[in-house]
Every structure is written in structure tokens, then in C-alpha cells.
file coords_18.cif (mmCIF, C-alpha atoms)
data_run
#
loop_
_atom_site.label_atom_id
_atom_site.label_comp_id
_atom_site.auth_asym_id
_atom_site.auth_seq_id
_atom_site.Cartn_x
_atom_site.Cartn_y
_atom_site.Cartn_z
CA MET A 18 -54.28 15.50 -4.62
CA ALA A 19 -54.99 19.17 -5.23
CA GLY A 20 -52.92 21.65 -3.28
CA ARG A 21 -50.00 19.27 -2.80
CA LEU A 22 -46.68 19.34 -4.61
CA SER A 23 -46.21 16.49 -7.03
CA VAL A 24 -42.87 14.93 -6.16
CA THR A 25 -42.91 12.88 -9.32
CA ASP A 26 -42.90 16.03 -11.49
CA PRO A 27 -39.26 17.17 -11.84
CA SER A 28 -40.16 20.61 -13.18
CA GLU A 29 -42.45 21.35 -10.23
CA TRP A 30 -39.79 20.21 -7.78
CA GLU A 31 -37.14 22.46 -9.37
CA ARG A 32 -39.53 25.42 -9.32
CA TYR A 33 -40.29 24.76 -5.65
CA LYS A 34 -36.58 24.69 -4.72
CA GLU A 35 -35.98 27.89 -6.67
CA GLN A 36 -38.78 29.65 -4.80
CA GLN A 37 -37.41 28.49 -1.47
CA TRP A 38 -33.91 29.60 -2.44
CA LEU A 39 -35.16 33.05 -3.43
CA ALA A 40 -37.28 33.39 -0.30
CA LYS A 41 -34.43 32.47 2.06
CA PRO A 42 -32.49 35.77 1.76
CA ILE A 43 -35.73 37.71 2.20
CA ARG A 44 -36.55 35.82 5.40
CA ALA A 45 -32.97 36.28 6.61
CA ALA A 46 -33.08 40.03 5.92
CA THR A 47 -36.41 40.33 7.72
CA GLU A 48 -35.08 38.43 10.72
CA ASN A 49 -31.95 40.59 10.78
CA LYS A 50 -33.98 43.80 10.72
CA PHE A 51 -36.21 42.53 13.50
CA GLU A 52 -33.19 41.53 15.61
CA ASN A 53 -31.53 44.89 14.89
CA LEU A 54 -34.68 46.62 16.09
CA ILE A 55 -34.66 44.63 19.32
CA GLY A 56 -30.96 45.40 19.87
CA THR A 57 -31.49 49.10 19.11
CA LEU A 58 -34.40 49.42 21.54
CA LEU A 59 -32.48 47.57 24.25
CA ALA A 60 -29.41 49.79 23.76
CA ILE A 61 -31.47 53.01 23.85
CA PHE A 62 -33.33 51.81 26.94
CA GLY A 63 -30.09 50.83 28.67
CA ASN A 64 -28.36 54.14 27.97
CA LEU A 65 -31.34 56.18 29.11
CA VAL A 66 -31.61 54.18 32.34
CA ILE A 67 -27.88 54.63 32.96
CA SER A 68 -28.25 58.39 32.50
CA ILE A 69 -31.11 58.44 35.01
CA SER A 70 -29.12 56.32 37.47
CA LEU A 71 -26.16 58.71 37.36
CA ASN A 72 -28.45 61.65 38.13
CA VAL A 73 -30.08 59.75 40.99
CA GLN A 74 -26.70 58.90 42.53
CA LYS A 75 -25.52 62.50 42.06
CA TYR A 76 -28.65 63.70 43.85
CA SER A 77 -27.85 61.35 46.72
CA HIS A 78 -24.31 62.76 47.06
CA VAL A 79 -25.48 66.38 46.87
CA LYS A 80 -28.23 65.79 49.41
CA LEU A 81 -25.80 64.24 51.89
CA SER A 82 -23.18 66.95 51.42
CA GLY A 83 -25.76 69.67 52.10
CA SER A 84 -27.05 68.13 55.31
CA LYS A 85 -25.66 67.07 58.66
CA ASP A 86 -26.46 63.43 58.03
CA PRO A 87 -23.42 61.42 59.20
CA ARG A 88 -24.33 58.39 57.07
CA SER A 89 -22.18 57.31 54.15
CA TYR A 90 -23.65 57.55 50.67
CA PHE A 91 -23.92 53.78 50.27
CA ARG A 92 -26.22 53.64 53.31
CA THR A 93 -28.93 55.71 51.62
CA LYS A 94 -31.85 54.28 49.67
CA THR A 95 -31.43 56.83 46.88
CA TRP A 96 -27.90 55.72 46.09
CA TRP A 97 -28.91 52.06 46.00
CA LEU A 98 -31.80 52.94 43.70
CA GLY A 99 -29.31 54.59 41.34
CA LEU A 100 -27.08 51.52 41.50
CA LEU A 101 -29.97 49.17 40.66
CA LEU A 102 -30.96 51.39 37.73
CA MET A 103 -27.38 51.35 36.48
CA LEU A 104 -27.25 47.55 36.65
CA LEU A 105 -30.55 47.38 34.77
CA GLY A 106 -29.20 49.68 32.07
CA GLU A 107 -25.96 47.71 31.74
CA LEU A 108 -28.01 44.52 31.45
CA GLY A 109 -30.01 46.05 28.62
CA ILE A 110 -26.85 47.05 26.74
CA PHE A 111 -25.26 43.65 27.38
CA THR A 112 -28.33 41.89 25.97
CA SER A 113 -28.43 44.18 22.93
CA TYR A 114 -25.02 42.85 21.84
CA ALA A 115 -26.65 39.49 21.13
CA TYR A 116 -29.20 40.98 18.72
CA ALA A 117 -27.48 43.86 16.92
CA PRO A 118 -24.03 44.54 15.44
CA LEU A 119 -21.41 46.38 17.50
CA SER A 120 -21.32 49.13 14.88
CA LEU A 121 -24.98 49.83 15.71
CA VAL A 122 -25.00 49.39 19.50
CA THR A 123 -21.82 51.29 20.37
CA PRO A 124 -22.70 54.70 18.81
CA LEU A 125 -26.01 54.62 20.69
CA GLY A 126 -24.02 55.50 23.81
CA ALA A 127 -24.71 59.10 22.79
CA VAL A 128 -28.24 58.61 24.11
CA SER A 129 -26.95 58.66 27.69
CA ILE A 130 -25.12 61.93 27.03
CA VAL A 131 -28.25 63.47 25.49
CA GLY A 132 -30.25 62.41 28.56
CA HIS A 133 -27.65 63.94 30.87
CA TYR A 134 -27.18 67.27 29.07
CA VAL A 135 -30.64 67.69 27.54
CA LEU A 136 -30.54 71.51 27.68
CA SER A 137 -28.22 71.97 24.70
CA PHE A 138 -30.72 72.13 21.84
CA LEU A 139 -28.37 72.23 18.84
CA GLY A 140 -26.13 69.47 20.20
CA CYS A 141 -29.12 67.28 21.01
CA ALA A 142 -30.62 67.85 17.55
CA LEU A 143 -27.41 66.88 15.76
CA THR A 144 -26.97 63.85 17.98
CA VAL A 145 -30.52 62.64 17.40
CA ILE A 146 -30.17 63.07 13.61
CA GLY A 147 -26.85 61.24 13.70
CA ILE A 148 -28.36 58.38 15.69
CA TYR A 149 -31.24 58.14 13.20
CA LEU A 150 -28.77 57.85 10.31
CA LEU A 151 -26.76 55.27 12.24
CA VAL A 152 -29.79 53.12 12.89
CA THR A 153 -31.05 53.48 9.32
CA PHE A 154 -27.79 52.71 7.51
CA ALA A 155 -26.14 50.35 10.00
CA PRO A 156 -25.25 46.91 8.61
CA ASN A 157 -28.01 44.31 8.83
CA THR A 158 -25.66 41.33 8.82
CA HIS A 159 -26.00 39.33 11.99
CA GLU A 160 -25.23 35.72 12.73
CA LYS A 161 -25.89 33.28 15.50
CA LEU A 162 -22.97 33.59 17.88
CA SER A 163 -22.30 29.92 18.54
CA GLY A 164 -19.05 28.72 20.02
CA ARG A 165 -18.00 27.25 16.66
CA ASN A 166 -18.55 30.53 14.82
CA LEU A 167 -16.67 32.49 17.46
CA GLN A 168 -13.69 30.15 17.22
CA LEU A 169 -13.58 30.69 13.45
CA HIS A 170 -13.73 34.47 13.90
CA LEU A 171 -11.05 34.41 16.59
CA LEU A 172 -8.61 32.53 14.35
CA GLY A 173 -9.42 34.61 11.28
CA LEU A 174 -6.67 36.63 9.66
CA PRO A 175 -8.43 40.07 9.90
CA PHE A 176 -8.89 39.85 13.66
CA LEU A 177 -5.38 38.49 14.27
CA LEU A 178 -3.91 41.46 12.39
CA TYR A 179 -6.18 43.84 14.29
CA LEU A 180 -5.20 42.27 17.61
CA LEU A 181 -1.50 42.59 16.77
CA VAL A 182 -1.87 46.29 15.91
CA VAL A 183 -3.90 46.92 19.09
CA ILE A 184 -1.26 45.25 21.29
CA ILE A 185 1.56 47.28 19.73
CA ILE A 186 -0.28 50.60 20.04
CA PHE A 187 -1.38 49.80 23.59
CA CYS A 188 2.17 48.99 24.70
CA LEU A 189 3.54 52.19 23.15
CA LEU A 190 0.85 54.35 24.78
CA LEU A 191 1.36 52.63 28.12
CA TYR A 192 5.12 53.27 27.89
CA PHE A 193 4.63 56.99 27.25
CA TYR A 194 2.02 57.24 30.00
CA LYS A 195 3.87 55.33 32.73
CA ARG A 196 7.55 55.84 31.87
CA GLN A 197 7.56 59.23 30.17
CA LYS A 198 4.80 60.65 32.43
CA ALA A 199 2.84 61.83 29.38
CA ALA A 200 -0.52 62.09 31.13
CA TYR A 201 -2.33 63.64 28.18
CA LEU A 202 -6.07 63.20 27.90
CA VAL A 203 -5.86 61.64 24.43
CA ILE A 204 -3.28 59.05 25.54
CA ILE A 205 -5.27 57.88 28.57
CA LEU A 206 -8.57 57.73 26.69
CA LEU A 207 -6.92 55.84 23.82
CA LEU A 208 -5.83 53.25 26.37
CA VAL A 209 -9.41 53.06 27.62
CA ALA A 210 -10.80 52.78 24.08
CA LEU A 211 -8.39 49.99 23.08
CA LEU A 212 -9.31 48.02 26.18
CA GLY A 213 -12.97 48.79 25.53
CA SER A 214 -12.81 47.31 22.03
CA VAL A 215 -11.70 43.99 23.52
CA THR A 216 -14.39 44.28 26.20
CA ILE A 217 -17.29 44.74 23.81
CA VAL A 218 -16.06 42.06 21.38
CA ALA A 219 -15.93 39.61 24.29
CA ALA A 220 -19.23 40.87 25.73
CA LYS A 221 -21.01 40.36 22.41
CA GLY A 222 -19.72 36.79 22.19
CA VAL A 223 -20.64 35.98 25.79
CA SER A 224 -24.09 37.54 25.40
CA GLY A 225 -24.77 35.68 22.16
CA MET A 226 -23.78 32.30 23.62
CA ILE A 227 -25.92 32.89 26.72
CA ILE A 228 -28.95 33.76 24.56
CA LEU A 229 -28.45 30.61 22.45
CA SER A 230 -28.11 28.52 25.62
CA ILE A 231 -31.35 29.96 26.98
CA GLN A 232 -33.06 29.08 23.69
CA GLY A 233 -31.97 25.45 24.10
CA ASN A 234 -28.74 25.35 22.07
CA ILE A 235 -26.21 24.94 24.90
CA GLN A 236 -22.98 26.84 24.25
CA LEU A 237 -21.48 26.92 27.73
CA THR A 238 -19.42 23.80 27.07
CA TYR A 239 -17.14 25.64 24.64
CA PRO A 240 -13.86 26.86 26.21
CA ILE A 241 -14.07 30.08 24.22
CA PHE A 242 -17.04 31.15 26.36
CA TYR A 243 -14.89 31.25 29.51
CA VAL A 244 -11.93 32.80 27.67
CA MET A 245 -14.16 35.64 26.51
CA LEU A 246 -15.74 35.97 29.95
CA VAL A 247 -12.33 36.41 31.60
CA CYS A 248 -11.21 38.89 28.92
CA MET A 249 -14.41 40.89 29.34
CA ILE A 250 -14.04 41.18 33.13
CA ALA A 251 -10.28 41.87 33.11
CA THR A 252 -10.40 44.60 30.46
CA ALA A 253 -13.42 46.21 32.14
CA VAL A 254 -11.53 46.40 35.45
CA TYR A 255 -8.50 48.04 33.81
CA GLN A 256 -10.78 50.46 31.99
CA ALA A 257 -12.28 51.53 35.30
CA ALA A 258 -8.78 52.05 36.73
CA PHE A 259 -7.71 54.29 33.84
CA LEU A 260 -10.97 56.24 33.96
CA HIS A 261 -10.49 56.77 37.68
CA GLU A 262 -7.02 58.20 37.02
CA VAL A 263 -8.13 60.50 34.21
CA SER A 264 -11.08 61.81 36.24
CA LYS A 265 -8.58 63.25 38.73
CA LEU A 266 -6.77 65.21 36.02
CA TYR A 267 -9.42 66.50 33.61
CA ASP A 268 -12.96 67.84 33.53
CA ALA A 269 -15.82 65.36 33.16
CA SER A 270 -17.25 67.08 30.06
CA GLN A 271 -13.94 66.75 28.21
CA ILE A 272 -13.68 63.10 29.20
CA ALA A 273 -17.25 62.30 28.12
CA SER A 274 -17.00 63.78 24.63
CA LEU A 275 -13.54 62.54 23.68
CA SER A 276 -14.08 59.12 25.26
CA TYR A 277 -17.31 58.64 23.30
CA VAL A 278 -15.65 59.53 19.99
CA LEU A 279 -12.55 57.37 20.46
CA SER A 280 -14.42 54.40 21.95
CA THR A 281 -17.02 54.42 19.18
CA ILE A 282 -14.47 54.58 16.35
CA ILE A 283 -12.32 51.77 17.75
CA ALA A 284 -15.35 49.64 18.66
CA VAL A 285 -16.76 49.91 15.12
CA ILE A 286 -13.37 48.88 13.70
CA ALA A 287 -13.22 45.95 16.14
CA GLY A 288 -16.71 44.78 15.16
CA ALA A 289 -15.87 45.08 11.47
CA THR A 290 -12.71 42.97 11.82
CA PHE A 291 -13.92 40.31 14.27
CA TYR A 292 -17.57 39.83 13.30
CA LEU A 293 -17.20 41.08 9.68
CA GLU A 294 -20.26 43.29 10.18
CA PHE A 295 -19.78 45.39 7.02
CA ARG A 296 -19.33 42.39 4.74
CA GLY A 297 -21.64 42.76 1.75
CA THR A 298 -22.64 46.35 2.65
CA ASP A 299 -22.72 48.74 -0.31
CA ALA A 300 -20.71 51.97 -0.46
CA LEU A 301 -23.76 54.24 -0.02
CA HIS A 302 -24.73 52.66 3.31
CA ILE A 303 -21.13 52.87 4.53
CA CYS A 304 -20.86 56.56 3.59
CA MET A 305 -24.17 57.42 5.25
CA PHE A 306 -23.15 55.47 8.33
CA ILE A 307 -19.90 57.49 8.54
CA PHE A 308 -21.84 60.73 8.00
CA GLY A 309 -24.26 59.83 10.79
CA SER A 310 -21.36 59.01 13.09
CA CYS A 311 -19.75 62.40 12.39
CA MET A 312 -23.03 64.19 13.17
CA ALA A 313 -23.38 62.27 16.43
CA PHE A 314 -19.77 63.13 17.34
CA LEU A 315 -20.35 66.83 16.63
CA GLY A 316 -23.57 66.82 18.63
CA VAL A 317 -21.92 65.19 21.63
CA PHE A 318 -19.08 67.71 21.45
CA LEU A 319 -21.53 70.64 21.43
CA ILE A 320 -23.54 69.16 24.30
CA THR A 321 -20.54 68.71 26.57
CA LYS A 322 -19.00 72.02 25.47
CA SER A 323 -22.10 73.93 26.56
CA LYS A 324 -21.75 72.65 30.14
CA LYS A 325 -19.38 75.21 31.66
CA LYS A 326 -17.97 74.96 35.15
CA THR A 327 -19.06 77.66 37.53
CA ALA A 328 -16.05 79.70 38.58
CA PHE A 329 -15.51 80.11 42.30
CA GLU A 330 -15.62 83.75 43.45
CA PRO A 331 -14.11 84.37 46.88
CA TYR A 332 -15.81 87.76 47.20
CA VAL A 333 -19.42 88.86 47.70
CA MET A 334 -21.30 91.23 45.43
CA MET A 335 -22.96 94.01 47.41
CA ASP A 336 -26.24 93.78 45.52
CA ALA A 337 -26.46 90.07 46.21
CA ILE A 338 -27.02 90.58 49.95
CA PRO A 339 -30.52 91.73 50.95
CA GLY A 340 -30.57 94.93 53.01
CA LEU A 341 -27.21 96.31 51.87
CA ARG A 342 -27.19 99.34 49.58
CA ASN A 343 -25.08 99.46 46.48
CA ILE A 344 -21.94 101.42 47.37
CA PHE A 345 -20.55 101.69 43.87
CA ASP A 346 -22.54 102.32 40.70
CA LYS A 347 -20.55 99.74 38.78
CA LYS A 348 -21.34 97.01 41.31
CA SER A 349 -17.70 96.29 42.01
CA PRO A 350 -16.95 93.38 44.33
CA VAL A 351 -16.31 94.83 47.78
CA GLN A 352 -16.00 93.23 51.18
CA PRO A 353 -19.06 94.36 53.18
CA GLU A 354 -18.69 95.89 56.63
CA LEU A 355 -21.11 96.01 59.50
CA SER A 356 -20.64 99.75 60.10
CA GLY A 357 -21.98 100.67 56.68
CA SER A 358 -19.02 102.98 56.03
CA PHE A 359 -17.40 103.44 52.65
CA SER A 360 -13.99 102.43 53.90
CA TYR A 361 -12.53 99.08 52.97
CA GLY A 362 -10.53 96.93 55.35
CA THR A 363 -10.14 99.51 58.12
CA LEU A 364 -10.42 98.89 61.83
CA GLU A 365 -13.68 99.75 63.59
CA ASN A 366 -11.94 100.98 66.79
CA PRO A 367 -8.39 101.89 65.85
CA ILE A 368 -5.88 101.74 68.67
CA ASP A 369 -4.67 105.08 69.95
CA THR A 370 -0.99 105.53 69.10
CA GLN A 371 -0.30 107.19 72.45
CA GLN A 372 -1.77 104.17 74.26
CA LEU A 373 0.33 101.89 72.13
CA GLN A 374 3.49 103.80 72.95
CA ALA A 375 2.62 103.61 76.68
CA LEU A 376 2.42 99.81 76.57
CA PRO A 377 5.32 97.85 77.96
CA GLU A 378 7.71 96.38 75.42
CA THR A 379 6.77 92.87 76.48
CA GLN A 380 3.18 93.39 75.22
CA GLN A 381 4.32 94.68 71.86
CA GLU A 382 5.26 92.53 68.93
CA PRO A 383 8.70 91.02 69.49
CA ASN A 384 11.66 91.91 67.26
CA ARG A 385 9.83 94.82 65.63
CA PRO A 386 10.52 98.53 66.10
CA ARG A 387 7.88 100.63 67.81
CA SER A 388 8.10 103.39 65.22
CA ASP A 389 7.33 100.90 62.45
CA ILE A 390 4.10 99.82 64.16
CA VAL A 391 3.02 103.44 64.71
CA SER A 392 3.70 104.38 61.08
CA LYS A 393 1.64 101.45 59.77
CA LEU A 394 -1.30 102.34 62.01
CA ASP A 395 -1.15 105.95 60.79
#

call {"tool": "encode", "arguments": {"input": "coords_18.cif", "output": "C-alpha cells"}}
result
Amino acid sequence: MAGRLSVTDPSEWERYKEQQWLAKPIRAATENKFENLIGTLLAIFGNLVISISLNVQKYSHVKLSGSKDPRSYFRTKTWWLGLLLMLLGELGIFTSYAYAPLSLVTPLGAVSIVGHYVLSFLGCALTVIGIYLLVTFAPNTHEKLSGRNLQLHLLGLPFLLYLLVVIIIFCLLLYFYKRQKAAYLVIILLLVALLGSVTIVAAKGVSGMIILSIQGNIQLTYPIFYVMLVCMIATAVYQAAFLHEVSKLYDASQIASLSYVLSTIIAVIAGATFYLEFRGTDALHICMFIFGSCMAFLGVFLITKSKKKTAFEPYVMMDAIPGLRNIFDKKSPVQPELSGSFSYGTLENPIDTQQLQALPETQQEPNRPRSDIVSKLD
């Protein structure tokens, strides 16, 4: 019959198999690009929502601190709105791990920093260009994260070597931090980044198995799902503890920039060793990916560097108070006085020295000579 493949013709059958074999990589590449696009959009959406949630919660704290409202911050609707937005953003990032490689999702954390410090034009421009290069030249390799595949990756030699190196470095850093009291910013954030690499590797596996289970291929019966779930929660808790400690010692802008750089580098290495994300990627794509990462790092550094802390000034400028004339031409900081005089720090109604001398000794300052008091008043 016309239009049907003749099974009895060996040459036609071989040609048909060859066409299917050639079309399979094309379909796989198309599916990978489509899944990478979904993961990229979910990661960008999640980071933007997290940035908005942090600003909403900050607004709630500032509003309460500037009012006489005795309520705690967690009793306000604004703070709960920020918390719900943060959970929504984290859900978007968690879901993106199931569709895109870690080397693509992790650097997109710069989007939240751009949304938070959007006023730095040069930093934002470099970060956006870096993110574009990352998305363009990120590896397209992506596999279905079934329990069987995850077990093979977990027992693979590259990840076992990586895990051994991470454990050794983590123990050394923890020794210097706890025993030697070396509370340097780099040491604490390296501890956070090493824990974070384990967190995102486990989160990607858990997310992938949940997505497959929702699609009908149940993966929740594999023990590795619960092992990864426990690792994800435990390392996330310890990360929060270290971040809480470092926030007491250093400025938030320093923490944000250096934490992003270290966490991204270690996360990309973890994804490359566990999930073999750069397998089959040519040298040009790898070099452009590294170049895009460096541009994103530089942009984040410029963004956070431009946010300077306002110094506290315990004095009042004379020209800043309405109704007070400028006493000095150079606008020097001077303590204002109600009398409008040009004197600084003098008494409005100085005590008469003769009246002071006539006072009984019991009303004067104890253990201090009378002549000393009179000389200081003069």
C-alpha cells in the first residue's frame, strides 16, 4: 500500500532505521533546550520573587520600628506576604533544578541581587550580559533523574573524589574557625558554599524524582530519595546557622557579593562532577561560559560595592534646621543653642562666684576644693 513502509524490503528498513537514528539526537537536543528554557525562566522568576519578598519584609520591619505599634513583626500582614512570596520564589528555584543543569540555575542567583540593588547601572549591565552568556553557552545535557541514575552518579568515581576533597576542606576550615577563632569572612562563606554544594546536588535529585513521580513514573520507593531529602534539609539548616553568625560580624553587601561568587563556583563544580553536566561540551562553549560567569561576578561586585552604609553623625548641621541662621561660613558642625549666641557650650545663667562661696560646704561638691570650682567657672 502506498505511503507505508515495506517491511519485506531490507534496504528500505535499513534506511528507515538510519533516519530514526539520525533524528534521535536532534529530538534530544530540542527537548534539552526546551527543558533548559523552562528551568531558566523558573529560576529567574524565583530569584525575582525572592528579591521582592525581602524588600516587602524589610518594609514591614522599618514600618514597625518607626511607629508605636507594639505588635511583633510576625503579626503583621506585610511580613506574612513577604514570607509567602519567598516560599513561592524558593519553590520556583527548587522546580528549576529538575529541568536545567546546576551550572545554569546557580549563576542565575545574580538576578535577585540585580533586583535588590537596581540603581547601579554599570553593575547591572555587566550582570545582565554575564547572565545572557551563561544562558546561551550553558551545557544542554540533561537526563531524567530517576532513582537508578542517581545511584549510579552517587557511586561514580568523580563524585566520590569530589566528596572526599569537600570533607577534608570542610573539616580544616571548621577547625580554624572554631578552634583557632579565625572568623574571617572567606572562611565562613567557604563553609557555607561547601554545604550549599551538597544542598543543591540533593535538591536537584529530589526535585527530579518528584517531577518524574508526578508524571507517573514513581520514584519515591528508592531509598536514595530519602537520603537526599535528609541531606538537603540538614545542610540547609547548617548553612542558615553559619549565615546567621557571619551576618553579626560583617556587612550585608560584602556577604552578598562574596557568597554569590563562592557558592556559584563550588556549585558548578559539584554539578559537573555529580551530574557530568559538561560531558560532551566543546571548548568554545566552556570558555564562553567561564567568561560569562566572570562578567556576572564583576557586575555583582560593583552592585554591592555601590551600596555604601550611611555614617552616623552625632552632631547637627546648622543649615539643616529650619529657622536657624548659618553661624559659620564653612558650615561647620556646631551644637545649636536656644539663645542664638555665638558661644559654644556655655551656661545660660552662670552662677555668681560670690554666691557660690557663700554656700555652705555641705551643698558644695564633696572632696573638692572650693578654689578649684571657682577657677573652672571663671

call {"tool": "closest_residue", "arguments": {"input": "coords_18.cif", "among": "A:Ile235, A:Ala199, A:Leu293, A:Leu229", "to": "Leu162 of chain A", "atoms": "all atoms listed in the file"}}
result
A:Leu229

call {"tool": "residues_around", "arguments": {"input": "coords_18.cif", "residues": "segment 167-180 of chain A", "least_positions_apart": "5", "cutoff": "8 Å", "atoms": "only C-alpha atoms", "output": "short mmCIF file (atom, residue, chain, number, x, y, z; two decimals) with C-alpha atoms, in the coordinates of the input"}}
result
data_model
loop_
_atom_site.label_atom_id
_atom_site.label_comp_id
_atom_site.auth_asym_id
_atom_site.auth_seq_id
_atom_site.Cartn_x
_atom_site.Cartn_y
_atom_site.Cartn_z
CA LEU A 162 -22.97 33.59 17.88
CA GLY A 222 -19.72 36.79 22.19
CA ILE A 241 -14.07 30.08 24.22
CA ALA A 287 -13.22 45.95 16.14
CA THR A 290 -12.71 42.97 11.82
CA PHE A 291 -13.92 40.31 14.27
CA TYR A 292 -17.57 39.83 13.30
#

call {"tool": "resolve_selection", "arguments": {"input": "coords_18.cif", "expression": "the PyMOL selection byres ((chain A and resi 273) around 10)", "output": "VMD selection string"}}
result
chain A and resid 127 130 206 268 to 272 274 to 278 317 to 318 321

call {"tool": "write_last_selection", "arguments": {"input": "coords_18.cif", "atoms": "C-alpha atoms", "output": "PDB file, keeping the file's coordinate frame"}}
result
ATOM      1  CA  ALA A 127     -24.710  59.100  22.790  1.00  0.00           C
ATOM      2  CA  ILE A 130     -25.120  61.930  27.030  1.00  0.00           C
ATOM      3  CA  LEU A 206      -8.570  57.730  26.690  1.00  0.00           C
ATOM      4  CA  ASP A 268     -12.960  67.840  33.530  1.00  0.00           C
ATOM      5  CA  ALA A 269     -15.820  65.360  33.160  1.00  0.00           C
ATOM      6  CA  SER A 270     -17.250  67.080  30.060  1.00  0.00           C
ATOM      7  CA  GLN A 271     -13.940  66.750  28.210  1.00  0.00           C
ATOM      8  CA  ILE A 272     -13.680  63.100  29.200  1.00  0.00           C
ATOM      9  CA  SER A 274     -17.000  63.780  24.630  1.00  0.00           C
ATOM     10  CA  LEU A 275     -13.540  62.540  23.680  1.00  0.00           C
ATOM     11  CA  SER A 276     -14.080  59.120  25.260  1.00  0.00           C
ATOM     12  CA  TYR A 277     -17.310  58.640  23.300  1.00  0.00           C
ATOM     13  CA  VAL A 278     -15.650  59.530  19.990  1.00  0.00           C
ATOM     14  CA  VAL A 317     -21.920  65.190  21.630  1.00  0.00           C
ATOM     15  CA  PHE A 318     -19.080  67.710  21.450  1.00  0.00           C
ATOM     16  CA  THR A 321     -20.540  68.710  26.570  1.00  0.00           C
TER      17      THR A 321
END

call {"tool": "residues_around", "arguments": {"input": "coords_18.cif", "residues": "segment 70-77 of chain A", "least_positions_apart": "2", "cutoff": "10 Å", "atoms": "only C-alpha atoms", "output": "list in words"}}
result
Asn64, Leu65, Val66, Ile67, Ser68, Val79, Lys80, Leu81, Ser82, Tyr90, Phe91, Thr93, Lys94, Thr95, Trp96, Trp97, Leu98, Gly99, Leu100, Leu101, Leu102, Met103, Leu104, Leu105, Gly106, Ser129, Gly132 and His133 of chain A

call {"tool": "write_last_selection", "arguments": {"input": "coords_18.cif", "atoms": "C-alpha atoms", "output": "PDB file, in the coordinates of the input"}}
result
ATOM      1  CA  ASN A  64     -28.360  54.140  27.970  1.00  0.00           C
ATOM      2  CA  LEU A  65     -31.340  56.180  29.110  1.00  0.00           C
ATOM      3  CA  VAL A  66     -31.610  54.180  32.340  1.00  0.00           C
ATOM      4  CA  ILE A  67     -27.880  54.630  32.960  1.00  0.00           C
ATOM      5  CA  SER A  68     -28.250  58.390  32.500  1.00  0.00           C
ATOM      6  CA  VAL A  79     -25.480  66.380  46.870  1.00  0.00           C
ATOM      7  CA  LYS A  80     -28.230  65.790  49.410  1.00  0.00           C
ATOM      8  CA  LEU A  81     -25.800  64.240  51.890  1.00  0.00           C
ATOM      9  CA  SER A  82     -23.180  66.950  51.420  1.00  0.00           C
ATOM     10  CA  TYR A  90     -23.650  57.550  50.670  1.00  0.00           C
ATOM     11  CA  PHE A  91     -23.920  53.780  50.270  1.00  0.00           C
ATOM     12  CA  THR A  93     -28.930  55.710  51.620  1.00  0.00           C
ATOM     13  CA  LYS A  94     -31.850  54.280  49.670  1.00  0.00           C
ATOM     14  CA  THR A  95     -31.430  56.830  46.880  1.00  0.00           C
ATOM     15  CA  TRP A  96     -27.900  55.720  46.090  1.00  0.00           C
ATOM     16  CA  TRP A  97     -28.910  52.060  46.000  1.00  0.00           C
ATOM     17  CA  LEU A  98     -31.800  52.940  43.700  1.00  0.00           C
ATOM     18  CA  GLY A  99     -29.310  54.590  41.340  1.00  0.00           C
ATOM     19  CA  LEU A 100     -27.080  51.520  41.500  1.00  0.00           C
ATOM     20  CA  LEU A 101     -29.970  49.170  40.660  1.00  0.00           C
ATOM     21  CA  LEU A 102     -30.960  51.390  37.730  1.00  0.00           C
ATOM     22  CA  MET A 103     -27.380  51.350  36.480  1.00  0.00           C
ATOM     23  CA  LEU A 104     -27.250  47.550  36.650  1.00  0.00           C
ATOM     24  CA  LEU A 105     -30.550  47.380  34.770  1.00  0.00           C
ATOM     25  CA  GLY A 106     -29.200  49.680  32.070  1.00  0.00           C
ATOM     26  CA  SER A 129     -26.950  58.660  27.690  1.00  0.00           C
ATOM     27  CA  GLY A 132     -30.250  62.410  28.560  1.00  0.00           C
ATOM     28  CA  HIS A 133     -27.650  63.940  30.870  1.00  0.00           C
TER      29      HIS A 133
END

call {"tool": "atom_distance", "arguments": {"input": "coords_18.cif", "atom1": "atom CA of Thr216 of chain A", "atom2": "atom CA of Ala253 of chain A"}}
result
6.3 Å

call {"tool": "atom_distance", "arguments": {"input": "coords_18.cif", "atom1": "atom CA of Tyr255 of chain A", "atom2": "atom CA of Gln236 of chain A"}}
result
27.4 Å

call {"tool": "residues_around", "arguments": {"input": "coords_18.cif", "residues": "segment 189-198 of chain A", "least_positions_apart": "5", "cutoff": "8 Å", "atoms": "all atoms listed in the file", "output": "PDB file with C-alpha atoms, in the frame of the given file"}}
result
ATOM      1  CA  ILE A 204      -3.280  59.050  25.540  1.00  0.00           C
ATOM      2  CA  ILE A 205      -5.270  57.880  28.570  1.00  0.00           C
ATOM      3  CA  LEU A 207      -6.920  55.840  23.820  1.00  0.00           C
ATOM      4  CA  LEU A 208      -5.830  53.250  26.370  1.00  0.00           C
TER       5      LEU A 208
END

call {"tool": "atom_distance", "arguments": {"input": "coords_18.cif", "atom1": "atom CA of Ile307 of chain A", "atom2": "atom CA of Tyr267 of chain A"}}
result
28.6 Å

call {"tool": "resolve_selection", "arguments": {"input": "coords_18.cif", "expression": "the PyMOL selection byres ((chain A and resi 143) around 12)", "output": "list in words"}}
result
Ala127, Val128, Val131, Ser137, Phe138, Leu139, Gly140, Cys141, Ala142, Thr144, Val145, Ile146, Gly147, Ile148, Tyr149, Leu150, Phe308, Gly309, Ser310, Cys311, Met312, Ala313, Phe314, Leu315, Gly316, Val317, Phe318, Leu319 and Ile320 of chain A

call {"tool": "closest_residue", "arguments": {"input": "coords_18.cif", "among": "A:Asn166, A:Val263, A:Leu121, A:Val203", "to": "Tyr239 of chain A", "atoms": "all atoms listed in the file"}}
result
A:Asn166

call {"tool": "residues_around", "arguments": {"input": "coords_18.cif", "residues": "Pro156 of chain A", "least_positions_apart": "6", "cutoff": "7 Å", "atoms": "all atoms listed in the file", "output": "PyMOL selection string"}}
result
chain A and resi 294-295+298

call {"tool": "closest_residue", "arguments": {"input": "coords_18.cif", "among": "A:Val285, A:Val209, A:Ser280, A:Met245", "to": "His261 of chain A", "atoms": "only C-alpha atoms"}}
result
A:Val209

call {"tool": "closest_residue", "arguments": {"input": "coords_18.cif", "among": "A:Ile110, A:Ala117, A:Met249, A:Leu279", "to": "Leu202 of chain A", "atoms": "only C-alpha atoms"}}
result
A:Leu279
